[in-house]
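Enquirer: Provided below: start-v4.cif, containing mmCIF, C-alpha atoms.
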data_structure
loop_
_atom_site.label_atom_id
_atom_site.label_comp_id
_atom_site.auth_asym_id
_atom_site.auth_seq_id
_atom_site.Cartn_x
_atom_site.Cartn_y
_atom_site.Cartn_z
CA THR A 1 -66.62 -10.52 -64.95
CA GLY A 2 -65.76 -12.76 -62.00
CA ALA A 3 -64.83 -16.43 -61.90
CA ILE A 4 -67.73 -18.10 -63.70
CA ALA A 5 -68.01 -15.20 -66.16
CA ARG A 6 -64.39 -15.72 -67.18
CA GLU A 7 -65.04 -19.40 -67.75
CA HIS A 8 -68.00 -18.53 -70.00
CA ILE A 9 -66.00 -15.87 -71.87
CA LYS A 10 -63.20 -18.37 -72.47
CA SER A 11 -65.62 -21.03 -73.71
CA ILE A 12 -67.58 -18.74 -76.05
CA THR A 13 -64.34 -17.29 -77.42
CA ASP A 14 -62.28 -20.48 -77.78
CA LYS A 15 -64.60 -23.50 -77.86
CA LEU A 16 -68.22 -22.74 -78.72
CA SER A 17 -69.74 -21.62 -82.00
CA GLY A 18 -72.31 -19.01 -82.97
CA GLY A 19 -71.50 -16.40 -80.33
CA LYS A 20 -69.04 -13.56 -79.73
CA ILE A 21 -68.37 -11.45 -76.64
CA VAL A 22 -68.96 -7.84 -77.70
CA ALA A 23 -69.68 -6.10 -74.38
CA VAL A 24 -68.87 -6.49 -70.68
CA THR A 25 -69.72 -4.65 -67.49
CA ASP A 26 -68.73 -5.00 -63.85
CA VAL A 27 -69.12 -2.92 -60.69
CA ASN A 28 -65.31 -2.92 -60.78
CA GLU A 29 -64.72 -1.33 -64.18
CA GLU A 30 -60.98 -1.97 -64.04
CA ALA A 31 -61.61 -5.70 -63.58
CA ALA A 32 -63.79 -5.66 -66.70
CA ARG A 33 -61.04 -3.92 -68.68
CA GLN A 34 -58.51 -6.50 -67.50
CA VAL A 35 -60.76 -9.33 -68.73
CA VAL A 36 -61.10 -7.69 -72.16
CA LYS A 37 -57.31 -7.46 -72.36
CA GLN A 38 -56.68 -10.93 -70.92
CA TYR A 39 -58.88 -12.71 -73.49
CA GLY A 40 -58.10 -10.41 -76.42
CA LEU A 41 -61.74 -9.41 -76.82
CA GLU A 42 -63.07 -6.87 -79.29
CA ALA A 43 -65.54 -5.77 -76.64
CA LEU A 44 -66.70 -2.49 -75.21
CA VAL A 45 -66.73 -1.93 -71.44
CA TYR A 46 -70.03 -0.43 -70.27
CA PRO A 47 -70.55 1.44 -66.98
CA ASP A 48 -73.66 -0.58 -66.00
CA ASP A 49 -75.97 -3.34 -67.16
CA LYS A 50 -78.70 -1.06 -68.48
CA SER A 51 -76.39 0.68 -70.93
CA LEU A 52 -75.01 -2.70 -72.00
CA VAL A 53 -78.38 -4.33 -72.72
CA ASN A 54 -79.56 -1.26 -74.63
CA SER A 55 -76.60 -1.46 -77.02
CA GLU A 56 -77.67 -2.24 -80.59
CA ASN A 57 -74.63 -4.49 -80.90
CA VAL A 58 -75.87 -6.85 -78.15
CA ASP A 59 -78.23 -9.73 -79.03
CA ALA A 60 -78.07 -11.73 -75.80
CA VAL A 61 -76.87 -11.20 -72.24
CA LEU A 62 -75.16 -13.52 -69.75
CA VAL A 63 -75.92 -12.56 -66.14
CA THR A 64 -73.07 -13.70 -63.90
CA SER A 65 -73.27 -10.97 -61.28
CA TRP A 66 -73.83 -11.19 -57.52
CA GLY A 67 -77.05 -13.12 -56.79
CA PRO A 68 -79.04 -10.17 -55.34
CA ALA A 69 -78.42 -8.23 -58.57
CA HIS A 70 -79.83 -10.93 -60.85
CA GLU A 71 -83.49 -9.91 -60.75
CA GLN A 72 -82.91 -6.35 -61.94
CA ASN A 73 -80.27 -7.49 -64.46
CA VAL A 74 -82.77 -9.90 -66.03
CA LEU A 75 -85.67 -7.43 -65.94
CA ASN A 76 -83.51 -4.84 -67.71
CA ALA A 77 -82.67 -7.37 -70.42
CA ILE A 78 -86.34 -8.32 -70.90
CA GLU A 79 -87.31 -4.65 -71.11
CA ALA A 80 -84.70 -4.23 -73.86
CA GLY A 81 -86.06 -7.31 -75.65
CA LYS A 82 -82.75 -9.18 -75.31
CA TYR A 83 -82.25 -12.90 -74.74
CA VAL A 84 -80.77 -13.53 -71.32
CA PHE A 85 -78.94 -16.46 -69.76
CA CYS A 86 -78.93 -16.07 -65.97
CA GLU A 87 -76.81 -18.10 -63.58
CA LYS A 88 -78.72 -19.34 -60.56
CA PRO A 89 -80.48 -17.91 -58.69
CA LEU A 90 -82.82 -16.29 -61.18
CA ALA A 91 -83.77 -14.07 -58.24
CA THR A 92 -83.18 -14.34 -54.50
CA THR A 93 -86.93 -14.59 -53.75
CA ALA A 94 -89.86 -16.45 -55.25
CA GLU A 95 -91.61 -13.10 -55.70
CA GLY A 96 -88.63 -11.89 -57.75
CA CYS A 97 -88.80 -14.95 -59.98
CA ARG A 98 -92.53 -14.38 -60.41
CA ARG A 99 -91.90 -10.77 -61.47
CA ILE A 100 -89.43 -11.97 -64.08
CA ALA A 101 -91.89 -14.57 -65.41
CA GLU A 102 -94.64 -11.94 -65.59
CA ALA A 103 -92.35 -9.55 -67.49
CA GLU A 104 -91.41 -12.32 -69.91
CA MET A 105 -95.03 -13.30 -70.48
CA LYS A 106 -95.93 -9.65 -71.07
CA HIS A 107 -93.15 -9.50 -73.68
CA GLY A 108 -94.87 -12.44 -75.40
CA LYS A 109 -91.91 -14.68 -76.16
CA ARG A 110 -89.43 -16.69 -74.14
CA LEU A 111 -86.21 -14.76 -73.60
CA VAL A 112 -84.82 -16.27 -70.39
CA GLN A 113 -82.79 -19.39 -69.66
CA VAL A 114 -81.67 -20.21 -66.11
CA GLY A 115 -78.24 -21.73 -65.53
CA PHE A 116 -79.22 -25.08 -64.03
CA MET A 117 -76.35 -26.86 -65.76
CA ARG A 118 -76.95 -30.34 -64.34
CA ARG A 119 -79.69 -30.92 -66.92
CA TYR A 120 -76.87 -30.84 -69.48
CA ASP A 121 -74.52 -33.23 -67.65
CA SER A 122 -74.16 -36.45 -69.65
CA GLY A 123 -74.78 -38.62 -66.59
CA TYR A 124 -78.03 -36.91 -65.67
CA VAL A 125 -79.11 -36.97 -69.33
CA GLN A 126 -78.60 -40.76 -69.38
CA LEU A 127 -80.50 -41.10 -66.10
CA LYS A 128 -83.38 -39.01 -67.47
CA GLU A 129 -83.50 -41.10 -70.66
CA ALA A 130 -83.66 -44.34 -68.65
CA ILE A 131 -86.55 -43.01 -66.56
CA ASP A 132 -88.43 -41.71 -69.59
CA ARG A 133 -87.98 -45.08 -71.35
CA ASN A 134 -89.58 -46.71 -68.29
CA GLU A 135 -86.52 -48.94 -67.83
CA ILE A 136 -87.04 -49.11 -64.05
CA GLY A 137 -90.81 -48.75 -64.02
CA GLU A 138 -92.58 -46.02 -62.08
CA PRO A 139 -90.15 -44.12 -59.79
CA LEU A 140 -90.92 -44.61 -56.09
CA MET A 141 -87.94 -43.15 -54.25
CA VAL A 142 -84.82 -41.10 -54.94
CA ARG A 143 -81.65 -40.93 -52.88
CA CYS A 144 -79.01 -38.33 -53.64
CA VAL A 145 -75.82 -36.92 -52.15
CA HIS A 146 -74.12 -33.52 -52.51
CA ARG A 147 -70.77 -33.44 -50.70
CA ASN A 148 -68.04 -30.81 -50.68
CA PRO A 149 -64.60 -31.25 -49.10
CA GLU A 150 -64.89 -28.01 -47.11
CA VAL A 151 -66.45 -24.55 -46.96
CA ASP A 152 -65.29 -21.31 -45.40
CA GLU A 153 -66.83 -19.57 -42.40
CA LYS A 154 -69.01 -17.37 -44.63
CA TYR A 155 -71.03 -20.46 -45.55
CA THR A 156 -74.25 -20.62 -43.51
CA THR A 157 -76.79 -23.29 -42.68
CA GLN A 158 -79.28 -21.69 -45.10
CA MET A 159 -76.69 -21.76 -47.90
CA ALA A 160 -76.83 -25.55 -47.77
CA VAL A 161 -80.24 -25.08 -49.39
CA VAL A 162 -80.05 -21.88 -51.46
CA ASP A 163 -76.52 -22.43 -52.85
CA THR A 164 -76.02 -26.20 -52.69
CA LEU A 165 -79.28 -28.18 -52.61
CA ILE A 166 -80.79 -25.81 -55.18
CA HIS A 167 -79.14 -27.88 -57.93
CA GLU A 168 -80.80 -31.08 -56.69
CA ILE A 169 -84.12 -29.26 -56.34
CA ASP A 170 -84.08 -28.38 -60.03
CA VAL A 171 -82.54 -31.48 -61.56
CA LEU A 172 -84.71 -33.93 -59.59
CA HIS A 173 -87.87 -32.01 -60.53
CA TRP A 174 -86.74 -32.37 -64.16
CA LEU A 175 -85.74 -36.03 -63.81
CA ILE A 176 -89.02 -37.31 -62.39
CA SER A 177 -91.36 -34.71 -63.97
CA ASP A 178 -93.24 -34.15 -60.73
CA ASP A 179 -93.83 -31.09 -58.53
CA TYR A 180 -92.86 -31.02 -54.86
CA LYS A 181 -95.56 -31.17 -52.17
CA SER A 182 -93.66 -31.01 -48.87
CA VAL A 183 -90.17 -30.82 -47.40
CA GLN A 184 -88.53 -31.60 -44.08
CA VAL A 185 -84.98 -31.06 -42.80
CA ILE A 186 -83.23 -33.35 -40.32
CA TYR A 187 -79.89 -32.60 -38.66
CA PRO A 188 -77.74 -35.68 -37.92
CA LYS A 189 -74.77 -35.59 -35.56
CA LYS A 190 -72.72 -32.48 -36.35
CA ALA A 191 -69.41 -32.95 -38.18
CA SER A 192 -66.43 -31.88 -36.09
CA ARG A 193 -65.00 -29.84 -38.99
CA ALA A 194 -68.19 -27.73 -39.38
CA HIS A 195 -67.67 -24.23 -38.01
CA ALA A 196 -69.62 -23.07 -34.96
CA ASN A 197 -72.53 -21.44 -36.80
CA LEU A 198 -73.06 -24.15 -39.42
CA LYS A 199 -75.26 -27.22 -39.04
CA ASP A 200 -73.60 -29.88 -41.18
CA PRO A 201 -74.54 -32.42 -42.50
CA GLN A 202 -78.22 -32.04 -43.31
CA LEU A 203 -80.81 -34.50 -44.59
CA ILE A 204 -83.67 -33.06 -46.63
CA ILE A 205 -86.77 -35.17 -47.21
CA MET A 206 -88.91 -34.03 -50.14
CA GLU A 207 -92.22 -35.55 -51.18
CA THR A 208 -93.75 -35.00 -54.60
CA LYS A 209 -97.41 -34.67 -55.51
CA SER A 210 -97.52 -38.24 -56.85
CA GLY A 211 -95.95 -39.59 -53.63
CA ILE A 212 -92.29 -40.05 -54.64
CA VAL A 213 -90.05 -39.60 -51.58
CA ILE A 214 -86.62 -38.03 -52.04
CA GLN A 215 -83.83 -38.20 -49.47
CA ALA A 216 -81.13 -35.64 -50.20
CA GLU A 217 -77.94 -35.39 -48.17
CA VAL A 218 -75.92 -32.18 -48.06
CA PHE A 219 -72.52 -32.57 -46.36
CA VAL A 220 -70.14 -29.70 -47.06
CA ASN A 221 -67.21 -30.70 -44.83
CA CYS A 222 -66.77 -34.30 -45.95
CA LYS A 223 -63.00 -33.75 -46.48
CA TYR A 224 -62.46 -36.53 -49.03
CA GLY A 225 -63.68 -34.75 -52.19
CA TYR A 226 -66.50 -33.30 -54.28
CA ASP A 227 -69.01 -36.12 -54.59
CA ILE A 228 -72.36 -36.06 -56.40
CA GLN A 229 -74.52 -39.19 -56.30
CA CYS A 230 -78.08 -40.02 -57.30
CA GLU A 231 -80.13 -43.22 -57.49
CA VAL A 232 -83.73 -43.56 -58.59
CA ILE A 233 -85.61 -46.57 -57.22
CA GLY A 234 -88.45 -47.73 -59.44
CA GLU A 235 -91.01 -50.52 -59.32
CA ASP A 236 -88.92 -52.71 -61.63
CA GLY A 237 -85.34 -51.65 -60.91
CA VAL A 238 -82.85 -48.99 -59.83
CA ALA A 239 -81.01 -46.45 -62.00
CA TYR A 240 -77.77 -44.83 -60.82
CA LEU A 241 -76.09 -41.61 -61.88
CA PRO A 242 -72.81 -42.66 -63.54
CA GLU A 243 -69.58 -41.82 -61.75
CA PRO A 244 -67.22 -39.38 -63.53
CA ALA A 245 -64.71 -41.13 -65.77
CA SER A 246 -61.53 -42.05 -63.91
CA ILE A 247 -58.75 -44.58 -64.36
CA VAL A 248 -58.52 -47.54 -62.02
CA THR A 249 -55.16 -48.25 -60.39
CA ARG A 250 -53.86 -51.30 -58.57
CA LYS A 251 -51.03 -50.37 -56.23
CA GLY A 252 -49.89 -51.15 -52.71
CA ALA A 253 -52.41 -53.97 -52.34
CA LYS A 254 -55.26 -51.57 -53.17
CA ARG A 255 -57.61 -51.07 -56.12
CA SER A 256 -58.60 -47.42 -56.37
CA THR A 257 -60.03 -44.59 -58.49
CA ASP A 258 -59.63 -40.85 -58.02
CA ILE A 259 -62.40 -38.67 -56.60
CA LEU A 260 -62.76 -35.08 -57.81
CA VAL A 261 -62.27 -32.20 -55.40
CA ASP A 262 -63.39 -29.26 -57.59
CA TRP A 263 -66.96 -28.72 -58.82
CA LYS A 264 -65.62 -27.13 -62.00
CA ASP A 265 -63.88 -30.38 -62.96
CA ARG A 266 -67.15 -32.26 -62.42
CA PHE A 267 -69.50 -29.98 -64.37
CA MET A 268 -67.49 -27.74 -66.72
CA ASP A 269 -68.53 -29.77 -69.76
CA ALA A 270 -72.17 -29.27 -68.76
CA TYR A 271 -71.60 -25.50 -68.54
CA ASP A 272 -70.29 -25.52 -72.11
CA ILE A 273 -73.13 -27.69 -73.43
CA GLU A 274 -75.81 -25.50 -71.85
CA LEU A 275 -74.31 -22.32 -73.33
CA GLN A 276 -74.05 -23.93 -76.77
CA ASP A 277 -77.68 -25.00 -76.48
CA PHE A 278 -78.66 -21.44 -75.48
CA ILE A 279 -76.94 -20.06 -78.59
CA ASP A 280 -78.14 -22.81 -80.96
CA SER A 281 -81.78 -22.77 -79.87
CA ILE A 282 -82.02 -18.99 -80.29
CA ILE A 283 -80.53 -19.21 -83.79
CA LYS A 284 -82.75 -22.15 -84.79
CA THR A 285 -86.06 -21.42 -83.03
CA GLY A 286 -85.93 -17.78 -81.96
CA GLN A 287 -85.98 -18.55 -78.23
CA PRO A 288 -83.95 -20.49 -75.65
CA ASN A 289 -84.76 -24.13 -75.02
CA GLY A 290 -83.29 -24.65 -71.52
CA PRO A 291 -84.62 -24.20 -67.96
CA THR A 292 -87.25 -21.45 -67.91
CA SER A 293 -88.13 -18.55 -65.64
CA TRP A 294 -90.87 -20.80 -64.26
CA ASP A 295 -88.25 -23.43 -63.39
CA GLY A 296 -86.42 -20.68 -61.50
CA TYR A 297 -89.67 -19.88 -59.67
CA ILE A 298 -90.25 -23.56 -58.75
CA ALA A 299 -86.71 -23.83 -57.37
CA ALA A 300 -87.13 -20.61 -55.34
CA VAL A 301 -90.47 -21.64 -53.79
CA THR A 302 -89.09 -25.08 -52.90
CA ALA A 303 -85.90 -23.59 -51.44
CA ASP A 304 -87.96 -21.15 -49.35
CA ALA A 305 -89.94 -24.09 -47.95
CA CYS A 306 -86.68 -25.94 -47.15
CA VAL A 307 -85.29 -22.90 -45.30
CA LYS A 308 -88.55 -22.68 -43.33
CA ALA A 309 -88.21 -26.40 -42.51
CA GLN A 310 -84.61 -25.82 -41.38
CA GLU A 311 -85.90 -23.35 -38.82
CA SER A 312 -89.10 -25.10 -37.74
CA GLY A 313 -87.93 -28.71 -37.68
CA GLN A 314 -91.34 -29.60 -39.09
CA LYS A 315 -92.65 -30.79 -42.44
CA GLU A 316 -93.44 -27.71 -44.52
CA SER A 317 -95.66 -27.48 -47.59
CA VAL A 318 -94.44 -26.34 -51.00
CA ASP A 319 -97.13 -24.03 -52.31
CA LEU A 320 -96.69 -23.50 -56.04
CA GLU A 321 -98.96 -21.44 -58.24
CA GLU A 322 -100.46 -23.16 -61.28
CA LYS A 323 -98.04 -23.27 -64.18
CA PRO A 324 -98.96 -20.68 -66.83
CA VAL A 325 -99.80 -21.97 -70.29
CA PHE A 326 -96.96 -19.77 -71.56
CA TYR A 327 -94.45 -22.21 -70.01
CA THR A 328 -96.05 -25.44 -71.18
CA GLY A 329 -95.55 -27.34 -74.40
CA LYS A 330 -92.69 -27.38 -76.86
CA ILE A 331 -91.08 -24.51 -78.70
CA THR A 332 -92.40 -23.95 -82.20
CA VAL A 333 -90.11 -22.73 -84.96
CA GLN A 334 -90.85 -19.14 -85.97
#
As a first step, turn the structure in this file into structure tokens.

Expert:
Amino acid sequence: TGAIAREHIKSITDKLSGGKIVAVTDVNEEAARQVVKQYGLEALVYPDDKSLVNSENVDAVLVTSWGPAHEQNVLNAIEAGKYVFCEKPLATTAEGCRRIAEAEMKHGKRLVQVGFMRRYDSGYVQLKEAIDRNEIGEPLMVRCVHRNPEVDEKYTTQMAVVDTLIHEIDVLHWLISDDYKSVQVIYPKKASRAHANLKDPQLIIMETKSGIVIQAEVFVNCKYGYDIQCEVIGEDGVAYLPEPASIVTRKGAKRSTDILVDWKDRFMDAYDIELQDFIDSIIKTGQPNGPTSWDGYIAAVTADACVKAQESGQKESVDLEEKPVFYTGKITVQ
């Protein structure tokens, strides 16, 4: 019941339709009780996730725990036959994601949605629609930027991939509908504000199976704000991710717009839309419609290759298993 969980609880309780918080659990039981009181929930506090998912009163589970706990949380939910929305990462290893996918396939119906919220951001949706309509012709290259004003000393070089770039890994795979083939990491001149054990910024070069080349910049000590950019270069034109809405001011001989500094301000609407879609699709079709366990597996394998490239300085291959038939095609109404 930490930070993102509280945001989800608030949204489901106050803004979204079709869902109600009826149960919570946390390793800190007192924190869970405080959340129930804070939001006026008619919810029971359970001692652990297994007892929660086995409750007859629970239809679906939101996993917002510490990343290393996600795999077992999700497997417990699948075993109980409960729908489960899991914040990234689905699991901390590709093998863990594969185990989840296998458990879901054994169950025989999709139960899992992974919290890759950028697919629900209005800007990315518009960009995806433009690409799918062939407005810029066949995509050839992608350039994208992920900048944070600062990070603390707990943030590591690897986290630039597994916590930060992971969003680009998923959303770009979705945007261009192409699997990754290879990755390479380049370290430019180090930023003076980066702490001693962090290499920052980083440039990640990803190549897809069809030959699209992606240049992704991760710079987590940029100071000026939280800045997400993306441009797709096609044979006939270029499509840009829209900037967040902001007023334009003219003052002191300058024309300016504000830049966000908090990721929640940039993507909170997308968080709400993805949760509403999770609820709606289950009610309408009997299974979630968002990013799948296999999408979580693709992101994990690609991130592992990027981490290997961070360490080797060489181009590393992205070795994905063949996509199971279970995760292909559209959902059919039961």

Enquirer: So, counting all atoms listed in the file, which residue among A:Gln229, A:Thr249, A:Thr292, A:Gln310 is closest to Tyr124 of chain A?

Expert: A:Gln229

Enquirer: Using the chain letters and numbers from the file, which residues does the PyMOL selection byres ((chain A and resi 189-193) around 10) grab, as number ranges by chain?

Expert: A: 150-151, 186-188, 194-196, 198-202, 219-223

Enquirer: Where does the PyMOL selection byres ((chain A and resi 302-309) around 10) land in this file, that is, which residues does it pick, as a PyMOL selection string?

Expert: chain A and resi 92-94+157-163+165-166+169-170+179-186+204-206+297-301+310-320

Enquirer: Measure the distance from atom CA of Val24 of chain A to atom CA of Met268 of chain A in Å and round it to one decimal.

Expert: 21.7 Å

Enquirer: Looking at only C-alpha atoms, which of A:Gln72, A:Thr257, A:Gln126, A:Gln113 is the one that sits closest to Val84 of chain A?

Expert: A:Gln113

Enquirer: Using all atoms listed in the file - which residues lie no farther than 10 Å from the point (-81.8, -11.5, -73.3) in the file's frame? Write them as a ChimeraX atom specification.

Expert: /A:53,58-63,73-86,110-113,287-288

Enquirer: Give the answer as one residue: which of A:Ser293, A:Gln215, A:Ser122, A:Thr208 has the shortest atom-to-atom distance to Asp269 of chain A, using only C-alpha atoms?

Expert: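 With only C-alpha atoms as the atom set, the closest residue is A:Ser122.
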